[in-house]
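Read through the structure below, which is laid out as structure tokens, and then see the notes.
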Amino acid sequence: MTQSQKSNSIDAIQRILNKYPVMILDGALATELEQHGCDLDDPLWSARVLLENPDIIVNVHADYFRAGADCAITSSYQATIEGFRKRGIGEEAALDLIRKTVKLAAKARDDVWADVQGSEAASQRPKPIVAGSVGPYGAYLANGSEYVGHYGVSDETLAAFHRPRMAALIEAGADILAFETIPSLQEARVLVELLKEFPEAYAWLSFSLKDGTSISEGTPLEVCAQTFGSEPQIVAIGLNCAPMDVVTEAIGLLRQASDKPVIVYPNSGEIYDAETKTWSGQGSCGSMKDASEQWVAAGAQIIGGCCRTTPHQIGELAKKWRS
């Protein structure tokens with residue numbers, strides 16, 4: 001990463017927040033891939049589409065950018081050397097696929113940005129950025145353990161797992177890394193220590209939650225925020241892949257424990273069963289746009305959607321916080 005890239009990555013979030021009260025993230029990738037006919041019933045999940053039809057990933061990213069997202073999160077959440085190896089794909093080819101996730105998101109961003117240049121829409125928003133998704137070790141296991149966090153593995157095992165794909169995402173030009181759906185303090189510590197091996201790179205850190213006050217493994221959320229609140233390479237701390245009804249309480253704790261911008265991108269409001277891999281409660285989902293008023297009032301500055309959210313919902317958020 002060049003000095004110019006460093007400046008862009010560290011300034012990318014703050015540049016947007018200096019102009020707008022809220023930075024808008026994209027929404028669910030997998031939900032939209034399924035809407036485009038992709039079968040994600042696979043241990044590779046959305047990374048399977050990298051192998052079979054990467055153009056659809058570009059199209060989904062583009063839909064979110066057109067809706068008003070300031071940031072796309074790459075399709076690398078479940079793209080790992082170990083996962084690809086089980087498909088007979090060697091390490092170098094796997095790393096190329098991980099790099100490709102950044103290039104696909106950047107292509108979508110650049111294509112959409114070229115289309116809107118000179119328009120009123122472009123004058124009302126900054127050029128969007130690309131966040132390289134670094135999903136948890138539990139995502140590779142494909143057994144729902146990213147919502148539990150007790151892997152029973154060493155720090156060294158976690159570091160060896162995360163290091164090469166972090167390097168690949170940075171090499172490919174990601175503006176920032178997204179350490180997302182992190183269920184344990186142990187894994188968060190490992191990721192932040194690894195980040196120091198790439199001193200010109202920056203990341204946000206978002207946890208999966210057990211409830212509104214603790215992360216999935218049970219560590220208090222405020223302890224997590226305090227632990228990483230002074231880390232210069234961490235530019236925001238928050239949560240993702242959590243139900244909407246716990247977000248406001250969690251934001252309050254994060255704001256009290258750290259001065260970092262608070263990032264939240266919860267699920268649509270439906271409930272996920274990690275054992276059956278099914279969702280329920282669609283009829284009880286509230287409005288993300290309306291809920292965002294409480295989140296911003298509580299102190300959130302970066303908002304988007306995770307599982308089961310759509311470009312329509314992100315478009316509503318963008319319209320609300322761009323007016």
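By order of appearance in the structure tokens: chains A, B, ..., then residues from 1 within every chain, and ligands from 1 in the order shown.
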Worksheet entry | Residues of segment 70-313 of chain A in strand (DSSP E or B), written as a PyMOL selection string | chain A and resi 71-73+129-134+176-182+203-207+209+214-215+220+234-240+262-265+271-273+278-280+300-303
Worksheet entry | Shell around Lys320 of chain A at 10 Å using only C-alpha atoms, local window under 5 positions removed, as a ChimeraX atom specification | /A:22,289-290,292-293,314-315
Write out as a Markdown table a residue-level contact list of segment 79-133 of chain A versus segment 55-63 of chain A with cut-off 12 Å: for each qualifying residue the closest pair of atoms and the distance in Å to one decimal, counting only C-alpha atoms, rows sorted by chain and residue number upward.
```
| residue | atom | partner | partner_atom | distance |
| --- | --- | --- | --- | --- |
| A:Lys100 | CA | A:Ile57 | CA | 10.8 |
| A:Thr101 | CA | A:Ile57 | CA | 8.6 |
| A:Val102 | CA | A:Val58 | CA | 10.3 |
| A:Lys103 | CA | A:Val58 | CA | 9.2 |
| A:Leu104 | CA | A:Val58 | CA | 5.5 |
| A:Ala105 | CA | A:His61 | CA | 6.1 |
| A:Ala106 | CA | A:Val58 | CA | 8.7 |
| A:Lys107 | CA | A:Val58 | CA | 7.1 |
| A:Ala108 | CA | A:Ala62 | CA | 4.9 |
| A:Arg109 | CA | A:Ala62 | CA | 6.5 |
| A:Asp110 | CA | A:Ala62 | CA | 9.2 |
| A:Asp111 | CA | A:Ala62 | CA | 7.9 |
| A:Val112 | CA | A:Ala62 | CA | 6.4 |
| A:Trp113 | CA | A:Ala62 | CA | 9.5 |
| A:Ala114 | CA | A:Ala62 | CA | 11.7 |
| A:Asp115 | CA | A:Ala62 | CA | 11.0 |
| A:Pro128 | CA | A:Ala62 | CA | 11.1 |
| A:Ile129 | CA | A:His61 | CA | 11.4 |
| A:Val130 | CA | A:His61 | CA | 10.0 |
| A:Ala131 | CA | A:His61 | CA | 11.8 |
```
Export of prior selection with C-alpha atoms as a compact mmCIF listing (two decimals), in the first residue's frame:
```
# COMPACT_ATOMS: atom_id res chain seq x y z
CA LYS A 100 -10.43 -10.67 -7.12
CA THR A 101 -13.13 -9.80 -4.58
CA VAL A 102 -11.62 -6.32 -4.24
CA LYS A 103 -11.35 -5.88 -7.99
CA LEU A 104 -15.00 -6.84 -8.50
CA ALA A 105 -16.21 -4.33 -5.91
CA ALA A 106 -13.92 -1.63 -7.30
CA LYS A 107 -15.18 -2.27 -10.84
CA ALA A 108 -18.78 -1.88 -9.70
CA ARG A 109 -17.90 1.31 -7.84
CA ASP A 110 -16.00 2.82 -10.74
CA ASP A 111 -18.66 1.90 -13.30
CA VAL A 112 -21.46 3.41 -11.23
CA TRP A 113 -19.40 6.46 -10.38
CA ALA A 114 -18.62 7.07 -14.05
CA ASP A 115 -22.35 6.88 -14.84
CA PRO A 128 -17.60 5.36 -2.46
CA ILE A 129 -14.94 3.11 -0.98
CA VAL A 130 -14.27 -0.64 -0.89
CA ALA A 131 -13.88 -2.55 2.39
```
Contacts of Ile234 of chain A within 12 Å, only C-alpha atoms, excl. fewer than 5 positions in-chain, as a CSV table (one decimal) with N, CA and C atoms, in the first residue's frame:
```csv
chain,number,residue,atom,x,y,z
A,9,SER,N,-7.1,5.5,2.9
A,9,SER,CA,-7.8,4.6,3.8
A,9,SER,C,-8.1,5.2,5.1
A,10,ILE,N,-7.1,5.9,5.7
A,10,ILE,CA,-7.3,6.5,7.0
A,10,ILE,C,-8.3,7.6,6.9
A,13,ILE,N,-13.2,7.1,5.8
A,13,ILE,CA,-14.4,7.2,6.7
A,13,ILE,C,-14.6,8.6,7.2
A,176,ILE,N,-10.0,-0.2,3.0
A,176,ILE,CA,-10.0,-0.4,4.4
A,176,ILE,C,-10.4,-1.9,4.6
A,177,LEU,N,-10.0,-2.5,5.7
A,177,LEU,CA,-10.4,-3.9,6.0
A,177,LEU,C,-11.6,-3.8,6.9
A,178,ALA,N,-12.5,-4.8,6.8
A,178,ALA,CA,-13.7,-5.0,7.6
A,178,ALA,C,-13.5,-6.2,8.4
A,179,PHE,N,-13.1,-6.1,9.7
A,179,PHE,CA,-13.0,-7.3,10.6
A,179,PHE,C,-14.5,-7.4,11.1
A,188,ALA,N,-10.5,-11.1,18.0
A,188,ALA,CA,-10.3,-9.6,17.8
A,188,ALA,C,-8.9,-9.2,18.1
A,189,ARG,N,-8.3,-9.7,19.2
A,189,ARG,CA,-6.9,-9.4,19.6
A,189,ARG,C,-6.0,-9.8,18.5
A,191,LEU,N,-6.5,-10.4,15.3
A,191,LEU,CA,-6.7,-9.6,14.1
A,191,LEU,C,-6.0,-8.2,14.3
A,192,VAL,N,-6.2,-7.6,15.4
A,192,VAL,CA,-5.6,-6.2,15.6
A,192,VAL,C,-4.1,-6.3,15.7
A,193,GLU,N,-3.6,-7.4,16.3
A,193,GLU,CA,-2.1,-7.6,16.3
A,193,GLU,C,-1.6,-7.9,14.9
A,194,LEU,N,-2.3,-8.7,14.1
A,194,LEU,CA,-1.9,-8.9,12.7
A,194,LEU,C,-1.9,-7.6,11.9
A,195,LEU,N,-2.8,-6.7,12.2
A,195,LEU,CA,-2.9,-5.5,11.4
A,195,LEU,C,-1.7,-4.7,11.6
A,196,LYS,N,-1.0,-4.8,12.7
A,196,LYS,CA,0.3,-4.1,12.9
A,196,LYS,C,1.4,-4.5,12.0
A,199,PRO,N,1.5,-1.8,8.6
A,199,PRO,CA,1.3,-0.5,9.3
A,199,PRO,C,0.6,0.6,8.5
A,200,GLU,N,0.5,0.4,7.2
A,200,GLU,CA,-0.2,1.4,6.4
A,200,GLU,C,-1.6,1.1,6.1
A,201,ALA,N,-2.1,0.0,6.8
A,201,ALA,CA,-3.5,-0.4,6.6
A,201,ALA,C,-4.3,-0.1,7.8
A,202,TYR,N,-5.7,0.0,7.6
A,202,TYR,CA,-6.6,0.3,8.6
A,202,TYR,C,-7.8,-0.6,8.5
A,203,ALA,N,-8.6,-0.7,9.6
A,203,ALA,CA,-9.7,-1.6,9.6
A,203,ALA,C,-10.8,-1.1,10.6
A,204,TRP,N,-12.0,-1.5,10.3
A,204,TRP,CA,-13.0,-1.4,11.4
A,204,TRP,C,-13.2,-2.7,12.0
A,205,LEU,N,-13.7,-2.7,13.2
A,205,LEU,CA,-13.9,-3.9,14.0
A,205,LEU,C,-15.4,-4.0,14.4
A,206,SER,N,-16.1,-5.0,13.9
A,206,SER,CA,-17.5,-5.2,14.3
A,206,SER,C,-17.7,-6.6,14.8
A,225,ALA,N,-14.8,-2.6,23.5
A,225,ALA,CA,-14.5,-1.2,23.0
A,225,ALA,C,-13.4,-0.5,23.7
A,227,THR,N,-10.9,-2.1,25.0
A,227,THR,CA,-9.6,-2.8,24.7
A,227,THR,C,-9.0,-2.3,23.4
A,228,PHE,N,-9.9,-1.9,22.5
A,228,PHE,CA,-9.4,-1.5,21.1
A,228,PHE,C,-9.6,0.0,20.9
A,229,GLY,N,-10.1,0.7,21.8
A,229,GLY,CA,-10.4,2.1,21.6
A,229,GLY,C,-9.2,3.0,21.4
A,258,SER,N,-15.6,4.2,24.2
A,258,SER,CA,-14.6,4.5,23.2
A,258,SER,C,-15.0,5.8,22.5
A,259,ASP,N,-14.0,6.5,22.0
A,259,ASP,CA,-14.2,7.7,21.2
A,259,ASP,C,-14.3,7.4,19.7
A,260,LYS,N,-14.1,6.1,19.3
A,260,LYS,CA,-14.1,5.7,17.9
A,260,LYS,C,-15.5,5.9,17.3
A,261,PRO,N,-15.6,6.2,16.0
A,261,PRO,CA,-16.9,6.2,15.4
A,261,PRO,C,-17.6,4.8,15.6
A,262,VAL,N,-18.9,4.8,15.8
A,262,VAL,CA,-19.6,3.6,16.0
A,262,VAL,C,-20.2,3.1,14.7
A,263,ILE,N,-19.9,1.8,14.4
A,263,ILE,CA,-20.5,1.3,13.1
A,263,ILE,C,-21.5,0.2,13.5
```
Item to complete: List every residue of segment 99-201 of chain A that DSSP, applied to the backbone of this structure, places in helix (DSSP H, G or I), and write the result as a PyMOL selection string.
Response: chain A and resi 99-116+120-123+137-141+145-147+155-171+185-195
Item to complete: Quick one: pull the distance between atom CA of Tyr151 of chain A and atom CA of Arg85 of chain A, Å, one decimal.
Response: 20.5 Å
Practice prompt. Point out the residue among A:Arg255, A:Lys210, A:Arg66, A:Arg15 with the least atom-to-atom distance to Val116 of chain A, counting only C-alpha atoms.
Written response: A:Arg66
